[in-house]
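Asker: This is the structure I have questions about; it appears just below.
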Amino acid sequence: MSKRHACLLATVLALPILSAPVVYAQPRLATPATPSRVTAPKVDLPASVTNGAGAPAPQAQTPPPADAAPAAPQLITSPNLMNEGVAAVVNDDIISTYDLRQRMRLLVLTTGVQPTEQTLPQLEQEALRSLIDEHIQMQELKKVAKKQKMELIADDKEVDQEIGDMAKQNNLTAAQMRSSFAASGINIETMRDQIRTQLSWQRLVSGMYNSYVRVGDDQVTNALNRINAQASQTRYQVGEIFIDASHVGGMQQAVAGATQLVTQLQQGAPFAAVARQFSSSSTAANGGDTGWVTAAQVPPELAKALETLRPGQLSMPIPVNDGVFILYLRDKQVASGQTMVSLKQLAIRLDKDAAPDQVSAATAKLVALKPQVTGCGNLETVAAKAPGVISADLGEADVNDLRGPFKDAAEKLKAGQISDPIRTDLGVHLVAVCMKRSGDAKLPSRSEVSNRLYAEQLAVMSRRYLRDLRNSATIEAR
């Protein structure tokens, strides 16, 4: 570890870590949440993002290719920046090492990612990147506000309202939230600055593009047709975190960073909070939520992982061409006409040609145990107290893929019910149905589809606007 990282680690480790991290619902600023369609002021488009006639340039209407990530800022290392106290300079604005440490502490508090030798570089990189983006956004806000002679920057009342809403989401008062920040060595102004930039940027983007985003009836109809066609396929409600290899120094670093995040998530770090701060995907602003997708809509590597996950499970890091994904399966919706069941069992192993008295004895033993099984929750406990009886999780399967008495039990039993003893070539079994779901997908309304398409178009324009500002900025970092 470098001397600089050792100092940073000592500083960040000095803050008290909450046993259960507070999940402040603050979206990632680089990809803002969808602004309102009606409340934002009208802002004239600057020449850099128009075709010169007051309308958006054609390319702003077309989403970027799936493999095109926003360009990373060009970091110019300067010997003059090695003085203590300066972390970066963005168009003559200074980001101090104090600002950087404060943002790192904020990341630790809100995501639950613990500062260790392994996670520290990731925390520092993300903190610096978000600070750079916020400085670029605020500079643009001030420039446009001055040129248009209008107020774009959120005032203290708006910021206080947002903090109050965040506190309420976490079952806290605003005063209690401020106290939790103080106890962790975080100046509340660090959060206030982040919120102010977020609200102001949303206002600017909405005012700039709101009147130019068009969602036609044909677009909504086509989207609904695609959704209807997918009703015959299993759908997955997925959370994703994407670590862009080009942003972190290569695929090896991306895999290592993703592995560290998986460890933190397994230890209780909230998925949505981690996604907002660390994911390079456009879904970061929504806590990594991709909505409902089918296997055909995601890369083959991700489709394979989704097929093995159950709702509530987290994947291991999944390398793809340009980075690494972490998936969290929130829910699963099976295809129309399909019934999925999740099964567990108690079993006594017996040979295929076991003597009738052995089969009778095993059957009697399982019959005696059945009243003790209250469901899938205590099945393993019952097995542990019964010599010769084993328990097993049979996983989730389509009822039509099952055979013989197992299929009969899955079809007849309800969730939480236990079968009578079943004899197979492997032994005698009690089968418990843990979950049962049918393909009864609820289709979204036209207004829901229209709002989603609108949000997607506006988000693309917002990302491109910020990307262009990054590319034209002069950014000097240590």
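To be explicit about the labels: the chains of the structure tokens are called A, B, and onward in the order shown, and within each one the residues are counted from 1, while ligands get numbers from 1 in the order they are shown.
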Going by DSSP on the backbone, which residues of segment 228-443 of chain A come out as strand (DSSP E)? List them as a PyMOL selection string.
Answerer: chain A and resi 235-244+289-294+318-320+323-333+339-349+390-398+422-424+427-438
Asker: May I have the residues within 12 Å of Gly291 of chain A as a PyMOL selection string, using only C-alpha atoms and disregarding those fewer than 3 positions away in the same chain?
Answerer: chain A and resi 235-240+283+286-288+294+297+328-333+444+449+452
Asker: Could you list, as a short mmCIF file (atom, residue, chain, number, x, y, z; two decimals) with N, CA and C atoms, in the first residue's frame, every residue within 8 Å of segment 379-393 of chain A, counting only C-alpha atoms and ignoring same-chain residues fewer than 3 positions away?
Answerer:
data_model
loop_
_atom_site.label_atom_id
_atom_site.label_comp_id
_atom_site.auth_asym_id
_atom_site.auth_seq_id
_atom_site.Cartn_x
_atom_site.Cartn_y
_atom_site.Cartn_z
N LEU A 343 -38.65 -26.99 -4.14
CA LEU A 343 -38.86 -28.19 -3.33
C LEU A 343 -37.69 -28.46 -2.39
N LYS A 344 -38.01 -29.00 -1.22
CA LYS A 344 -37.02 -29.58 -0.32
C LYS A 344 -37.50 -30.98 0.05
N GLN A 345 -36.60 -31.78 0.63
CA GLN A 345 -37.00 -33.13 0.98
C GLN A 345 -36.31 -33.62 2.24
N LEU A 346 -36.97 -34.56 2.91
CA LEU A 346 -36.36 -35.44 3.90
C LEU A 346 -36.29 -36.82 3.25
N ALA A 347 -35.20 -37.52 3.43
CA ALA A 347 -35.06 -38.81 2.75
C ALA A 347 -34.26 -39.80 3.59
N ILE A 348 -34.57 -41.06 3.37
CA ILE A 348 -33.77 -42.18 3.92
C ILE A 348 -33.29 -42.98 2.72
N ARG A 349 -31.99 -43.10 2.60
CA ARG A 349 -31.43 -43.81 1.44
C ARG A 349 -31.69 -45.31 1.56
N LEU A 369 -42.11 -38.61 11.48
CA LEU A 369 -41.45 -37.30 11.45
C LEU A 369 -42.30 -36.21 10.80
N GLN A 372 -43.75 -33.21 12.62
CA GLN A 372 -42.77 -32.28 13.17
C GLN A 372 -42.32 -31.23 12.14
N VAL A 373 -42.58 -31.51 10.86
CA VAL A 373 -42.17 -30.60 9.80
C VAL A 373 -43.26 -29.55 9.60
N THR A 374 -42.97 -28.34 9.99
CA THR A 374 -43.95 -27.26 9.88
C THR A 374 -43.83 -26.50 8.56
N GLY A 375 -42.89 -26.89 7.74
CA GLY A 375 -42.66 -26.22 6.45
C GLY A 375 -41.20 -26.32 6.09
N CYS A 376 -40.82 -25.58 5.06
CA CYS A 376 -39.43 -25.65 4.60
C CYS A 376 -38.46 -25.06 5.61
#
Asker: For Leu458 of chain A, work out the shell of residues within 9 Å, counting only C-alpha atoms and skipping chain neighbours fewer than 3 positions away, then give it as a PyMOL selection string.
Answerer: chain A and resi 34-35+205-206+209-210+213+453-455+461-463
Asker: Which one is closest to Ser96 of chain A: A:Asp156, A:Ile163, A:Leu131, A:Val359? Count only C-alpha atoms.
Answerer: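 With only C-alpha atoms as the atom set, the closest residue is A:Leu131.
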Asker: In terms of the shortest atom-to-atom distance over only C-alpha atoms, which of A:Glu189, A:Asp353, A:Glu117, A:Asp93 is closest to Arg423 of chain A?
Answerer: A:Asp353
Asker: I'd like the contact shell of Gln267 of chain A - 10 Å cut-off, only C-alpha atoms, skipping same-chain residues fewer than 5 positions apart - returned as a list in words.
Answerer: Gly112, Val113, Gln114, Leu261 and Val262 of chain A
Asker: I need the residues of segment 301-402 of chain A that end up classed as helix (DSSP H, G or I) by DSSP on the backbone, written out as a VMD selection string.
Answerer: chain A and resid 301 to 308 356 to 372 379 to 384 399 to 401
Asker: Once you have the residues from the selection above, write them out as a PDB file, in the first residue's frame, restricted to C-alpha atoms.
Answerer:
ATOM      1  CA  GLU A 301     -23.107 -14.756 -19.558  1.00  0.00           C
ATOM      2  CA  LEU A 302     -25.789 -12.921 -17.571  1.00  0.00           C
ATOM      3  CA  ALA A 303     -28.630 -15.110 -18.880  1.00  0.00           C
ATOM      4  CA  LYS A 304     -26.799 -18.223 -17.690  1.00  0.00           C
ATOM      5  CA  ALA A 305     -26.362 -16.734 -14.217  1.00  0.00           C
ATOM      6  CA  LEU A 306     -30.008 -15.633 -13.981  1.00  0.00           C
ATOM      7  CA  GLU A 307     -31.223 -19.144 -14.736  1.00  0.00           C
ATOM      8  CA  THR A 308     -29.377 -20.476 -11.668  1.00  0.00           C
ATOM      9  CA  PRO A 356     -39.743 -54.955   2.091  1.00  0.00           C
ATOM     10  CA  ASP A 357     -39.229 -54.725   5.842  1.00  0.00           C
ATOM     11  CA  GLN A 358     -36.531 -52.062   5.314  1.00  0.00           C
ATOM     12  CA  VAL A 359     -38.870 -50.060   3.107  1.00  0.00           C
ATOM     13  CA  SER A 360     -41.647 -50.404   5.694  1.00  0.00           C
ATOM     14  CA  ALA A 361     -39.363 -49.291   8.516  1.00  0.00           C
ATOM     15  CA  ALA A 362     -38.129 -46.250   6.553  1.00  0.00           C
ATOM     16  CA  THR A 363     -41.684 -45.317   5.582  1.00  0.00           C
ATOM     17  CA  ALA A 364     -42.883 -45.590   9.197  1.00  0.00           C
ATOM     18  CA  LYS A 365     -39.988 -43.397  10.362  1.00  0.00           C
ATOM     19  CA  LEU A 366     -40.859 -40.646   7.881  1.00  0.00           C
ATOM     20  CA  VAL A 367     -44.559 -40.870   8.725  1.00  0.00           C
ATOM     21  CA  ALA A 368     -43.638 -40.285  12.373  1.00  0.00           C
ATOM     22  CA  LEU A 369     -41.447 -37.297  11.446  1.00  0.00           C
ATOM     23  CA  LYS A 370     -43.980 -35.618   9.135  1.00  0.00           C
ATOM     24  CA  PRO A 371     -46.000 -33.900  11.942  1.00  0.00           C
ATOM     25  CA  GLN A 372     -42.772 -32.275  13.173  1.00  0.00           C
ATOM     26  CA  LEU A 379     -36.903 -29.256   7.667  1.00  0.00           C
ATOM     27  CA  GLU A 380     -33.136 -29.305   8.200  1.00  0.00           C
ATOM     28  CA  THR A 381     -33.588 -29.123  11.984  1.00  0.00           C
ATOM     29  CA  VAL A 382     -35.886 -32.159  11.961  1.00  0.00           C
ATOM     30  CA  ALA A 383     -33.408 -34.129   9.848  1.00  0.00           C
ATOM     31  CA  ALA A 384     -30.507 -33.254  12.152  1.00  0.00           C
ATOM     32  CA  VAL A 399     -43.566 -28.762 -12.789  1.00  0.00           C
ATOM     33  CA  ASN A 400     -43.602 -30.164 -16.338  1.00  0.00           C
ATOM     34  CA  ASP A 401     -39.915 -31.073 -16.020  1.00  0.00           C
TER      35      ASP A 401
END
Asker: Would you kindly return, as a PyMOL selection string, each protein, DNA or RNA residue with an atom no farther than 9 Å from any atom of Ala167 of chain A, considering only C-alpha atoms and excluding same-chain residues fewer than 4 positions away?
Answerer: chain A and resi 24-25+162-163+171-177
Asker: For a test of reading the model, state the distance in Å between atom CA of Arg470 of chain A and atom CA of Gln198 of chain A, rounded to one decimal.
Answerer: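 Separation between atom CA of Arg470 of chain A and atom CA of Gln198 of chain A: 16.5 Å.
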Asker: So what do you get for atom CA of Tyr98 of chain A versus atom CA of Leu128 of chain A, distance-wise?
Answerer: 11.4 Å
Asker: Taking into account only C-alpha atoms, which residue in the set A:Ile95, A:Val90, A:Ile227, A:Ile188 is nearest to Thr474 of chain A?
Answerer: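 Using only C-alpha atoms, Thr474 of chain A sits closest to A:Val90.
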